[in-house]
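One file, entry-v3.cif, carrying mmCIF, C-alpha atoms and all ligand atoms:
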data_protein
#
loop_
_atom_site.label_atom_id
_atom_site.label_comp_id
_atom_site.auth_asym_id
_atom_site.auth_seq_id
_atom_site.Cartn_x
_atom_site.Cartn_y
_atom_site.Cartn_z
CA MET A 16 -7.12 26.96 11.12
CA THR A 17 -4.57 25.38 8.88
CA ASP A 18 -5.47 21.86 7.94
CA THR A 19 -1.95 20.61 7.60
CA TYR A 20 0.97 20.38 9.96
CA ARG A 21 4.57 19.34 9.85
CA PRO A 22 4.98 15.68 10.66
CA ASP A 23 6.97 14.86 13.75
CA TRP A 24 9.89 13.45 11.86
CA VAL A 25 10.72 16.77 10.28
CA PRO A 26 13.65 18.32 12.14
CA ASN A 27 12.79 21.61 13.84
CA ASP A 28 15.33 23.52 11.84
CA ALA A 29 14.18 22.17 8.48
CA LYS A 30 13.18 24.82 5.99
CA GLU A 31 9.77 24.77 4.32
CA THR A 32 11.44 24.45 0.98
CA GLU A 33 13.29 21.28 1.78
CA THR A 34 11.83 18.23 0.18
CA PHE A 35 11.24 16.30 3.36
CA ALA A 36 9.57 19.19 5.03
CA SER A 37 6.25 17.93 3.73
CA ARG A 38 3.03 18.60 5.51
CA VAL A 39 0.55 16.13 6.81
CA MET A 40 -3.18 16.50 6.69
CA ARG A 41 -4.71 16.96 10.07
CA GLY A 42 -7.37 14.53 11.19
CA VAL A 43 -9.71 12.50 9.06
CA ASP A 44 -12.50 14.97 8.52
CA GLU A 45 -13.32 14.46 4.90
CA MET A 46 -12.10 12.81 1.73
CA HIS A 47 -8.86 11.88 3.42
CA ASP A 48 -10.58 9.05 5.23
CA GLY A 49 -12.41 7.45 2.37
CA LEU A 50 -15.81 8.43 3.62
CA MET A 51 -18.44 10.38 1.82
CA THR A 52 -19.04 12.93 4.51
CA SER A 53 -17.82 15.92 2.59
CA THR A 54 -19.33 19.05 4.02
CA LYS A 55 -17.31 21.40 1.85
CA HIS A 56 -20.39 22.67 0.08
CA LEU A 57 -22.05 23.78 3.32
CA ALA A 58 -21.60 27.25 4.71
CA PRO A 59 -19.53 27.19 7.92
CA SER A 60 -22.46 28.60 9.87
CA VAL A 61 -24.69 25.58 9.23
CA LEU A 62 -22.04 23.07 10.19
CA PRO A 63 -22.26 21.62 13.65
CA VAL A 64 -19.28 22.44 15.79
CA LYS A 65 -17.12 19.37 15.57
CA ARG A 66 -15.46 18.63 18.83
CA ARG A 67 -14.16 15.12 18.58
CA LYS A 68 -14.40 13.14 21.71
CA LYS A 69 -11.21 11.45 22.66
CA LEU A 70 -11.76 7.74 22.22
CA THR A 71 -10.44 5.12 24.59
CA VAL A 72 -8.83 1.92 23.38
CA ALA A 73 -12.08 0.14 24.24
CA ASP A 74 -14.04 2.66 22.13
CA TYR A 75 -11.78 2.03 19.17
CA VAL A 76 -12.00 -1.72 19.54
CA ARG A 77 -15.79 -1.71 19.86
CA GLY A 78 -16.17 0.66 16.92
CA ILE A 79 -13.94 -1.41 14.69
CA GLU A 80 -15.64 -4.63 15.64
CA GLN A 81 -18.98 -3.05 14.77
CA GLY A 82 -17.61 -1.98 11.41
CA ASP A 83 -18.00 1.72 12.25
CA ARG A 84 -16.15 3.43 9.43
CA VAL A 85 -15.64 6.72 11.23
CA ILE A 86 -13.93 4.95 14.10
CA LEU A 87 -12.01 2.73 11.72
CA SER A 88 -10.73 5.85 9.98
CA ARG A 89 -9.68 7.38 13.25
CA ALA A 90 -7.88 4.20 14.26
CA ILE A 91 -6.04 4.17 10.95
CA THR A 92 -5.05 7.77 11.52
CA LEU A 93 -3.48 6.70 14.80
CA VAL A 94 -1.62 3.91 13.03
CA GLU A 95 -0.35 6.45 10.51
CA SER A 96 0.63 9.04 13.09
CA ASN A 97 4.28 9.63 13.87
CA ASN A 98 3.39 10.67 17.40
CA PRO A 99 4.65 8.09 19.94
CA ASP A 100 1.49 8.44 22.08
CA HIS A 101 -0.66 7.64 19.07
CA PHE A 102 1.60 4.75 18.21
CA ALA A 103 1.12 3.31 21.68
CA ILE A 104 -2.68 3.52 21.54
CA ALA A 105 -2.71 2.14 18.00
CA GLN A 106 -0.69 -0.86 19.12
CA GLN A 107 -3.08 -1.55 21.97
CA VAL A 108 -6.02 -1.36 19.59
CA LEU A 109 -4.30 -3.68 17.14
CA GLN A 110 -3.46 -6.12 19.87
CA SER A 111 -7.09 -6.22 20.96
CA VAL A 112 -8.48 -6.89 17.49
CA LEU A 113 -5.76 -9.27 16.38
CA SER A 114 -7.93 -12.35 16.78
CA ARG A 115 -10.38 -10.87 14.26
CA THR A 116 -7.76 -10.32 11.58
CA GLY A 117 -6.51 -12.63 8.87
CA ASN A 118 -9.86 -13.61 7.41
CA ALA A 119 -9.78 -11.43 4.32
CA LEU A 120 -8.36 -12.29 0.96
CA ARG A 121 -5.49 -9.89 0.36
CA ILE A 122 -4.92 -8.95 -3.25
CA GLY A 123 -2.09 -6.74 -4.51
CA ILE A 124 -2.35 -4.85 -7.78
CA THR A 125 0.55 -3.18 -9.53
CA GLY A 126 1.30 -1.77 -12.96
CA VAL A 127 2.61 1.36 -14.61
CA PRO A 128 0.53 4.54 -14.39
CA GLY A 129 -2.24 4.37 -16.97
CA ALA A 130 -2.38 0.58 -17.03
CA GLY A 131 -5.87 0.77 -15.57
CA LYS A 132 -5.35 -0.28 -11.96
CA SER A 133 -7.89 2.17 -10.57
CA SER A 134 -10.43 1.39 -13.27
CA ILE A 135 -10.05 -2.32 -12.62
CA ILE A 136 -10.41 -1.80 -8.88
CA GLU A 137 -13.60 0.15 -9.49
CA ALA A 138 -15.11 -2.52 -11.74
CA PHE A 139 -13.76 -5.49 -9.82
CA GLY A 140 -14.68 -3.99 -6.44
CA ASN A 141 -18.24 -3.32 -7.54
CA MET A 142 -18.54 -6.85 -8.82
CA LEU A 143 -17.44 -8.20 -5.44
CA ILE A 144 -19.85 -5.93 -3.60
CA GLU A 145 -22.69 -7.14 -5.78
CA ALA A 146 -21.69 -10.63 -4.72
CA GLY A 147 -22.28 -9.56 -1.13
CA LEU A 148 -18.68 -8.91 -0.08
CA LYS A 149 -17.19 -5.93 1.72
CA VAL A 150 -14.17 -4.46 -0.01
CA ALA A 151 -11.37 -2.25 1.31
CA VAL A 152 -9.01 -0.49 -1.08
CA LEU A 153 -5.63 0.68 0.18
CA ALA A 154 -2.75 2.27 -1.64
CA VAL A 155 0.96 1.94 -1.05
CA ASP A 156 2.77 4.78 -2.67
CA PRO A 157 5.98 5.88 -0.99
CA THR A 158 6.17 8.90 -3.27
CA SER A 159 2.70 10.12 -2.47
CA GLN A 160 2.10 13.41 -0.77
CA VAL A 161 -1.17 14.37 0.74
CA THR A 162 -2.26 16.45 -2.20
CA LYS A 163 -1.46 13.85 -4.82
CA GLY A 164 -1.85 10.47 -3.22
CA SER A 165 -2.52 7.98 -5.96
CA ILE A 166 -5.97 7.08 -4.74
CA LEU A 167 -6.97 10.62 -3.93
CA GLY A 168 -6.19 11.62 -7.47
CA ASP A 169 -8.08 8.59 -8.68
CA LYS A 170 -11.29 9.08 -6.77
CA THR A 171 -12.96 10.00 -10.00
CA ARG A 172 -12.05 6.59 -11.40
CA MET A 173 -13.60 4.90 -8.40
CA GLU A 174 -16.75 6.91 -8.29
CA THR A 175 -19.31 4.24 -7.49
CA LEU A 176 -16.97 2.36 -5.18
CA THR A 177 -16.24 5.51 -3.20
CA LYS A 178 -19.94 5.97 -2.55
CA HIS A 179 -20.77 2.42 -1.61
CA PRO A 180 -21.30 1.67 2.09
CA ASN A 181 -19.64 -1.73 1.68
CA ALA A 182 -16.46 -0.26 0.26
CA TYR A 183 -13.78 1.55 2.18
CA ILE A 184 -11.06 3.46 0.35
CA ARG A 185 -7.95 4.70 2.05
CA PRO A 186 -5.15 6.61 0.32
CA SER A 187 -1.52 5.84 0.92
CA PRO A 188 -0.04 7.11 4.16
CA ALA A 189 2.01 10.14 3.23
CA GLY A 190 5.69 10.75 3.55
CA GLY A 191 8.31 8.88 5.44
CA THR A 192 10.40 5.95 4.40
CA LEU A 193 9.10 2.97 2.46
CA GLY A 194 9.54 1.00 5.67
CA GLY A 195 7.31 3.40 7.52
CA VAL A 196 4.70 3.36 4.78
CA ALA A 197 4.85 -0.45 4.77
CA ARG A 198 4.18 -0.76 8.49
CA LYS A 199 1.30 1.68 8.32
CA SER A 200 -0.22 -0.10 5.35
CA ARG A 201 0.04 -3.54 6.93
CA GLU A 202 -1.53 -2.37 10.14
CA THR A 203 -4.23 -0.54 8.22
CA MET A 204 -4.96 -3.79 6.43
CA LEU A 205 -5.33 -5.60 9.75
CA LEU A 206 -7.72 -2.95 11.07
CA CYS A 207 -9.83 -3.28 7.92
CA GLU A 208 -9.96 -7.03 8.38
CA ALA A 209 -11.05 -6.62 11.98
CA ALA A 210 -13.77 -4.26 10.74
CA GLY A 211 -15.16 -7.07 8.61
CA TYR A 212 -13.85 -6.39 5.12
CA ASP A 213 -13.69 -9.62 3.12
CA VAL A 214 -11.36 -8.53 0.37
CA ILE A 215 -8.48 -6.07 0.68
CA LEU A 216 -7.24 -4.63 -2.59
CA VAL A 217 -3.83 -3.02 -2.27
CA GLU A 218 -2.85 -0.82 -5.19
CA THR A 219 0.69 0.26 -5.81
CA VAL A 220 2.23 2.13 -8.65
CA GLY A 221 5.42 0.46 -9.68
CA VAL A 222 8.01 2.75 -8.24
CA GLY A 223 11.13 1.64 -6.48
CA GLN A 224 10.59 -1.25 -4.15
CA SER A 225 6.91 -0.72 -3.56
CA GLU A 226 5.93 -3.88 -5.48
CA VAL A 227 8.12 -5.95 -3.20
CA THR A 228 6.53 -4.30 -0.19
CA VAL A 229 3.02 -5.03 -1.41
CA ARG A 230 3.94 -8.58 -2.42
CA SER A 231 5.08 -9.08 1.16
CA MET A 232 1.65 -8.19 2.53
CA VAL A 233 -0.77 -9.90 0.15
CA ASP A 234 -1.84 -13.43 -0.75
CA PHE A 235 -2.30 -12.89 -4.45
CA PHE A 236 -0.38 -10.40 -6.52
CA MET A 237 -1.29 -9.28 -10.00
CA LEU A 238 0.53 -7.22 -12.52
CA ILE A 239 -1.63 -5.13 -14.84
CA VAL A 240 -0.05 -4.54 -18.24
CA LEU A 241 -0.95 -3.01 -21.57
CA THR A 242 -0.54 -4.10 -25.14
CA GLY A 243 2.23 -2.66 -27.22
CA ALA A 244 4.15 -5.87 -27.74
CA GLY A 245 7.94 -5.77 -27.88
CA ASP A 246 8.67 -2.42 -26.34
CA GLU A 247 6.20 -2.95 -23.57
CA LEU A 248 7.60 -6.36 -22.71
CA GLN A 249 11.07 -4.91 -22.53
CA GLY A 250 9.89 -2.16 -20.22
CA ILE A 251 8.52 -4.53 -17.61
CA LYS A 252 11.17 -5.63 -15.25
CA LYS A 253 11.64 -9.35 -15.04
CA GLY A 254 11.82 -8.90 -11.29
CA VAL A 255 8.25 -7.68 -11.17
CA MET A 256 7.01 -10.58 -13.27
CA GLU A 257 8.64 -12.90 -10.78
CA LEU A 258 6.44 -11.49 -8.05
CA ALA A 259 3.16 -11.98 -9.92
CA ASP A 260 0.56 -14.73 -9.56
CA ALA A 261 -1.20 -13.42 -12.65
CA ILE A 262 -0.35 -11.01 -15.43
CA VAL A 263 -3.44 -9.23 -16.66
CA VAL A 264 -3.46 -7.51 -20.03
CA ASN A 265 -6.03 -4.75 -19.57
CA LYS A 266 -7.99 -2.77 -22.16
CA ALA A 267 -8.88 -5.93 -24.08
CA ASP A 268 -11.77 -4.18 -25.77
CA GLY A 269 -12.73 -2.60 -29.11
CA ASP A 270 -9.90 -2.27 -31.59
CA ASN A 271 -7.44 -3.33 -28.94
CA LEU A 272 -8.91 -6.77 -28.32
CA LYS A 273 -6.79 -8.64 -30.87
CA ARG A 274 -3.60 -6.98 -29.74
CA ALA A 275 -4.41 -7.77 -26.13
CA GLN A 276 -4.81 -11.43 -27.02
CA ILE A 277 -1.47 -11.41 -28.80
CA ALA A 278 0.16 -9.71 -25.83
CA ARG A 279 -1.31 -12.40 -23.57
CA SER A 280 0.37 -15.08 -25.69
CA ASP A 281 3.64 -13.15 -25.62
CA TYR A 282 3.52 -12.93 -21.87
CA ASN A 283 2.64 -16.58 -21.52
CA ARG A 284 5.69 -17.42 -23.59
CA MET A 285 7.91 -15.28 -21.42
CA LEU A 286 6.46 -16.78 -18.26
CA HIS A 287 7.91 -20.14 -19.25
CA TYR A 288 11.30 -18.76 -18.35
CA ILE A 289 10.28 -17.26 -15.06
CA ARG A 290 10.00 -19.00 -11.76
CA PRO A 291 6.43 -18.66 -10.46
CA ALA A 292 5.95 -16.48 -7.40
CA THR A 293 3.95 -19.10 -5.56
CA GLU A 294 4.80 -22.74 -5.00
CA GLN A 295 2.50 -25.13 -6.81
CA TRP A 296 0.88 -22.33 -8.76
CA GLU A 297 1.43 -21.56 -12.39
CA THR A 298 1.50 -17.85 -13.17
CA LYS A 299 -0.25 -17.15 -16.44
CA ALA A 300 -1.35 -14.17 -18.47
CA TYR A 301 -4.98 -13.18 -18.89
CA THR A 302 -6.93 -10.44 -20.59
CA CYS A 303 -9.59 -8.19 -19.17
CA SER A 304 -11.34 -4.90 -19.74
CA ALA A 305 -12.29 -2.53 -16.98
CA VAL A 306 -14.63 -0.87 -19.47
CA THR A 307 -16.59 -3.87 -20.80
CA LYS A 308 -15.85 -5.81 -17.60
CA SER A 309 -14.93 -8.87 -19.62
CA GLY A 310 -12.52 -11.19 -17.87
CA LEU A 311 -13.17 -9.81 -14.40
CA LEU A 312 -15.38 -12.63 -13.17
CA GLU A 313 -12.83 -15.11 -14.50
CA LEU A 314 -10.14 -13.24 -12.61
CA TRP A 315 -12.12 -13.51 -9.38
CA GLU A 316 -12.64 -17.24 -9.97
CA LEU A 317 -8.93 -17.60 -10.55
CA ILE A 318 -8.11 -15.86 -7.28
CA GLN A 319 -10.59 -18.03 -5.42
CA THR A 320 -9.06 -21.16 -6.94
CA PHE A 321 -5.67 -19.87 -5.88
CA ALA A 322 -6.87 -19.44 -2.30
CA VAL A 323 -8.69 -22.78 -2.10
CA GLN A 324 -5.74 -24.69 -3.56
CA GLY A 325 -3.25 -22.86 -1.41
CA LYS A 326 -5.23 -23.59 1.72
CA GLU A 327 -5.47 -27.24 0.77
CA ASN A 328 -1.77 -27.68 0.12
CA GLY A 329 -0.73 -25.30 2.89
CA VAL A 330 1.14 -22.84 0.69
CA PHE A 331 -1.34 -20.10 1.54
CA TYR A 332 -0.77 -20.40 5.30
CA LYS A 333 2.95 -20.87 4.94
CA ARG A 334 3.22 -17.62 3.01
CA ARG A 335 1.25 -15.75 5.67
CA GLN A 336 3.51 -17.13 8.40
CA ASN A 337 6.62 -16.18 6.48
CA GLN A 338 5.16 -12.74 5.89
CA SER A 339 4.55 -12.26 9.62
CA LEU A 340 8.12 -13.18 10.46
CA GLN A 341 9.39 -11.00 7.65
CA TRP A 342 7.38 -8.04 9.01
CA VAL A 343 9.08 -8.48 12.36
CA ARG A 344 12.52 -8.53 10.76
CA ASP A 345 11.75 -5.62 8.47
CA MET A 346 10.61 -3.53 11.40
CA ILE A 347 13.74 -4.39 13.33
CA ASP A 348 15.81 -3.38 10.31
CA GLU A 349 13.95 -0.12 10.07
CA HIS A 350 14.32 0.52 13.77
CA LEU A 351 18.06 -0.15 13.83
CA HIS A 352 18.54 1.91 10.72
CA ASN A 353 16.82 4.88 12.35
CA LEU A 354 18.65 4.35 15.59
CA PHE A 355 21.93 4.61 13.75
CA PHE A 356 21.25 7.45 11.36
CA ASN A 357 19.30 9.55 13.85
CA ASN A 358 22.03 9.20 16.46
CA ILE A 359 23.35 12.67 17.27
CA VAL A 360 26.94 11.50 17.65
CA ILE A 361 26.80 9.64 14.34
CA GLN A 362 25.30 12.66 12.66
CA GLY A 363 28.17 14.71 14.05
CA ARG A 364 30.81 12.36 12.70
CA MET A 365 29.25 11.39 9.39
CA GLY A 366 30.39 14.48 7.50
CA GLU A 367 34.08 14.21 8.24
CA VAL A 368 34.17 10.45 7.67
CA GLU A 369 32.46 10.87 4.32
CA GLU A 370 34.91 13.59 3.37
CA ALA A 371 37.80 11.33 4.27
CA VAL A 372 36.35 8.65 1.99
CA LEU A 373 35.91 11.11 -0.85
CA ALA A 374 39.43 12.46 -0.37
CA GLY A 375 40.76 8.93 -0.61
CA ASN A 376 42.12 8.98 2.92
CA MET A 377 39.86 6.27 4.21
CA SER A 378 38.46 3.13 2.65
CA GLU A 379 34.72 2.55 2.67
CA SER A 380 35.13 -0.37 5.02
CA GLN A 381 37.24 1.69 7.37
CA ALA A 382 34.56 4.36 7.34
CA VAL A 383 31.94 1.82 8.33
CA GLN A 384 34.12 0.43 11.07
CA GLU A 385 34.83 3.87 12.40
CA LEU A 386 31.17 4.90 12.49
CA VAL A 387 29.94 1.60 13.88
CA SER A 388 32.47 1.68 16.69
CA VAL A 389 31.46 5.26 17.49
CA PHE A 390 27.87 4.04 17.54
CA ASP A 391 28.74 1.13 19.82
CA GLN A 392 30.35 3.58 22.22
CA THR A 393 27.17 5.65 22.38
CA LEU A 394 25.20 2.54 23.24
CA LEU A 395 27.42 1.86 26.23
CA LYS A 396 26.78 5.26 27.71
N1 LIG B 1 -10.44 1.17 -23.34
C1 LIG B 1 -10.13 0.98 -22.06
N2 LIG B 1 -9.64 2.01 -21.35
C2 LIG B 1 -9.34 1.79 -20.04
C3 LIG B 1 -9.54 0.52 -19.44
N3 LIG B 1 -9.13 0.60 -18.15
C4 LIG B 1 -8.70 1.86 -17.96
N4 LIG B 1 -8.83 2.59 -19.10
C5 LIG B 1 -8.45 4.00 -19.26
O1 LIG B 1 -7.06 4.11 -19.08
C6 LIG B 1 -6.73 5.31 -18.38
C7 LIG B 1 -5.92 5.01 -17.14
O2 LIG B 1 -6.72 4.27 -16.23
P1 LIG B 1 -6.44 4.26 -14.64
O3 LIG B 1 -7.43 3.35 -14.06
O4 LIG B 1 -6.41 5.64 -14.11
O5 LIG B 1 -4.97 3.66 -14.58
P2 LIG B 1 -3.96 3.56 -13.34
O6 LIG B 1 -3.02 4.71 -13.47
O7 LIG B 1 -3.24 2.27 -13.53
O8 LIG B 1 -4.75 3.59 -12.08
C8 LIG B 1 -8.06 5.98 -18.10
O9 LIG B 1 -8.28 6.96 -19.07
C9 LIG B 1 -9.06 4.88 -18.20
O10 LIG B 1 -10.33 5.35 -18.59
C10 LIG B 1 -10.07 -0.54 -20.23
O11 LIG B 1 -10.28 -1.68 -19.81
N5 LIG B 1 -10.35 -0.25 -21.54
MG MG B 2 -4.51 4.68 -10.36
#
Rewrite the coordinates I just gave you, this time as C-alpha cells.
Ligand SMILES: Nc1nc2c(ncn2[C@@H]2O[C@H](COP(=O)(O)OP(=O)(O)O)[C@@H](O)[C@H]2O)c(=O)[nH]1
Ligand SMILES: [Mg+2]
Amino acid sequence: MTDTYRPDWVPNDAKETETFASRVMRGVDEMHDGLMTSTKHLAPSVLPVKRRKKLTVADYVRGIEQGDRVILSRAITLVESNNPDHFAIAQQVLQSVLSRTGNALRIGITGVPGAGKSSIIEAFGNMLIEAGLKVAVLAVDPTSQVTKGSILGDKTRMETLTKHPNAYIRPSPAGGTLGGVARKSRETMLLCEAAGYDVILVETVGVGQSEVTVRSMVDFFMLIVLTGAGDELQGIKKGVMELADAIVVNKADGDNLKRAQIARSDYNRMLHYIRPATEQWETKAYTCSAVTKSGLLELWELIQTFAVQGKENGVFYKRRQNQSLQWVRDMIDEHLHNLFFNNIVIQGRMGEVEEAVLAGNMSESQAVQELVSVFDQTLLK
C-alpha cells in the first residue's frame, strides 16, 4: 500500500513532476498525528490488523470532549482533508464542540530558522506541563510538505514534549494556499481547545505572510530573535516587530549572555519607534535561554499578566471578536478567489487576455474588466 496520495486539489492531468502535484500522507497512523504510537519497529506479522471503524459525528464529539487523542487526531485529519464529505463532517463536529472552545491561551511564536523556536517550545511546554497544564503545539508553515514539515523535522528538539501525555503536537497541514492552511490551523486549534488543552503554542517560521496569519489566530505573539546586533536588527522586518507583544532574545547563555543583553537594549530602543501590536500593552524585549531555561518562567508570567490585564480592560476579548470576524472575511475572500480562478470559462480566457496585456493591446484594467464580466456571465447561467 502506498501511504501517500494526491490531494484532491491536484488537477487530474497534472504531472508528478509539477510542483503542486504534492502528495498527502494518508491517515493518521503514526508520527503524523503527534502521538507516540509508532509501530515501525514491529514486524508486520505481529501487528494487529488495523481496520478503522468509521466514526459518527457523535463519536468524534464524545472522543474530543473526553480528550481522546486518537479521536482528536482523526478529527483534525478531517479538518485538513480537501474532500468535501470530510469537510462537511468536520464542520458538524466543530459546530458541536464550539461551546467548549475559546478557553485556552493562544500563543504564537515566530522567528527565523535557527532562532530556537522549537527548543523554546520544548522547554517552555515542559515547564507548563509541570505546572499542571495541558499543552498543544501546532505549526503553520505554508511551505511545508509532508516529509519536511517544520515540526516533523523538529521532533528531535521536542523529545520530552512529544512523549508527554499532556502534550499534543501537530505538524502543519501540508500543501495548499496560505488561506487553506490558515483555516485548517484555526479549526485545529479549536478542536484542541475542545479537547481540554489549556495553552496552544502556534509556531511559524517567518516566511511570506505566515506571521500575519498566526497573529490573526493568537492572543499573544512573540518574536524570537538572536544576537548579532546591527546586521540582525536590519534583517528583521519592521512589519514583524509591529505584530509582536514581546521580542525574545534567545540563547542568552554562556559567552553569549552579554551580547544578548545588549541586543535586548537595542531592541528596546527600536521599539520606541514602533506602534505596539496590542492596545494598552507595551511591547518590550526580553532575554531567555532554552538551554539553561533562564527567563522562561518570567516569560510565562508576562503572558499571564498580558491575559489578565487584557481581560480586565476588554482588549483581550475585543481582539478575539475581531479575529472571528476577520476569519469569516478571509474565508469569503479565499472562496471567491477560488471560484474565480477555478472557473473553467475564466481559465479558458485567461491566456489570451494575458497575452493581450503583454502585447500592449489591452490595459491591465481592461483585462480585469473583461475577465470579471466574463465571470459575471457565467454566474448568470
Ligand atoms: N546555546 C543555546 N543554543 C540554543 C538555544 N536554543 C536553541 N539553541 C540551538 O539553536 C539551534 C536551533 O534551534 P531550533 O530550536 O531548532 O530553532 P528553530 O529553527 O527556530 O526551531 C539548535 O542547535 C539548538 O540546540 C539556547 O537557548 N541556547
Ligand atoms: Mg523549529
Could you give me, as CSV, every chain A residue with an atom at most 7 Å from ligand LIG 1 (chain B), plus its closest atom pair and distance in Å to one decimal, counting only C-alpha atoms and all ligand atoms, rows ordered by chain then number?
residue,atom,partner,partner_atom,distance
A:Gly126,CA,B:LIG1,O7,6.1
A:Val127,CA,B:LIG1,O7,6.0
A:Pro128,CA,B:LIG1,O6,3.7
A:Gly129,CA,B:LIG1,O6,3.6
A:Ala130,CA,B:LIG1,O7,4.0
A:Gly131,CA,B:LIG1,O5,3.2
A:Lys132,CA,B:LIG1,O7,3.7
A:Ser133,CA,B:LIG1,O3,3.7
A:Ser134,CA,B:LIG1,O3,3.7
A:Ile135,CA,B:LIG1,N3,6.3
A:Asp169,CA,B:LIG1,O4,6.4
A:Arg172,CA,B:LIG1,O3,6.2
A:Asn265,CA,B:LIG1,O11,5.2
A:Lys266,CA,B:LIG1,O11,3.5
A:Ala267,CA,B:LIG1,O11,6.2
A:Asp268,CA,B:LIG1,N5,5.9
A:Cys303,CA,B:LIG1,O11,6.6
A:Ser304,CA,B:LIG1,O11,3.4
A:Ala305,CA,B:LIG1,O11,3.6
A:Val306,CA,B:LIG1,O11,4.4
A:Thr307,CA,B:LIG1,O11,6.8
Find the distance between atom CA of Gln81 of chain A and atom CA of Gly211 of chain A and write it in Å to one decimal. 8.3 Å
Need the shell around Val150 of chain A: protein/DNA/RNA residues with any atom at most 7 Å away, counting only C-alpha atoms. Skip same-chain ones fewer than 5 positions apart. Format as a PyMOL selection string? chain A and resi 140+144+181-183+212-215
Which residue out of A:Val72, A:Leu386, A:Val220, A:Leu193 has the minimum interatomic distance to ligand MG 2 (chain B) when all atoms listed in the file are used? A:Val220
Quick one: everything within 10 Å of Gln110 of chain A, counting all atoms listed in the file, minus sequence neighbours fewer than 5 positions away in the same chain. Send it as an NGL selection string. :A and (76 or 104-105)
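A straight line drawn from atom CA of Thr393 of chain A to atom CA of Met377 of chain A is 22.2 Å long.
Here atom CA of Ile359 of chain A is placed at a distance of 11.0 Å from atom CA of Val389 of chain A.
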Identify which of the residues A:Arg344, A:Lys178, A:Lys396, A:Arg334 lies closest to Val360 of chain A, counting only C-alpha atoms when measuring atom-to-atom distances.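 Selected residue with least distance to Val360 of chain A: A:Lys396.
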Choose the residue, out of A:Glu202, A:Glu137, A:Asp260, A:Glu367, that has the smallest atom-to-atom separation from ligand MG 2 (chain B); count all atoms listed in the file. A:Glu137
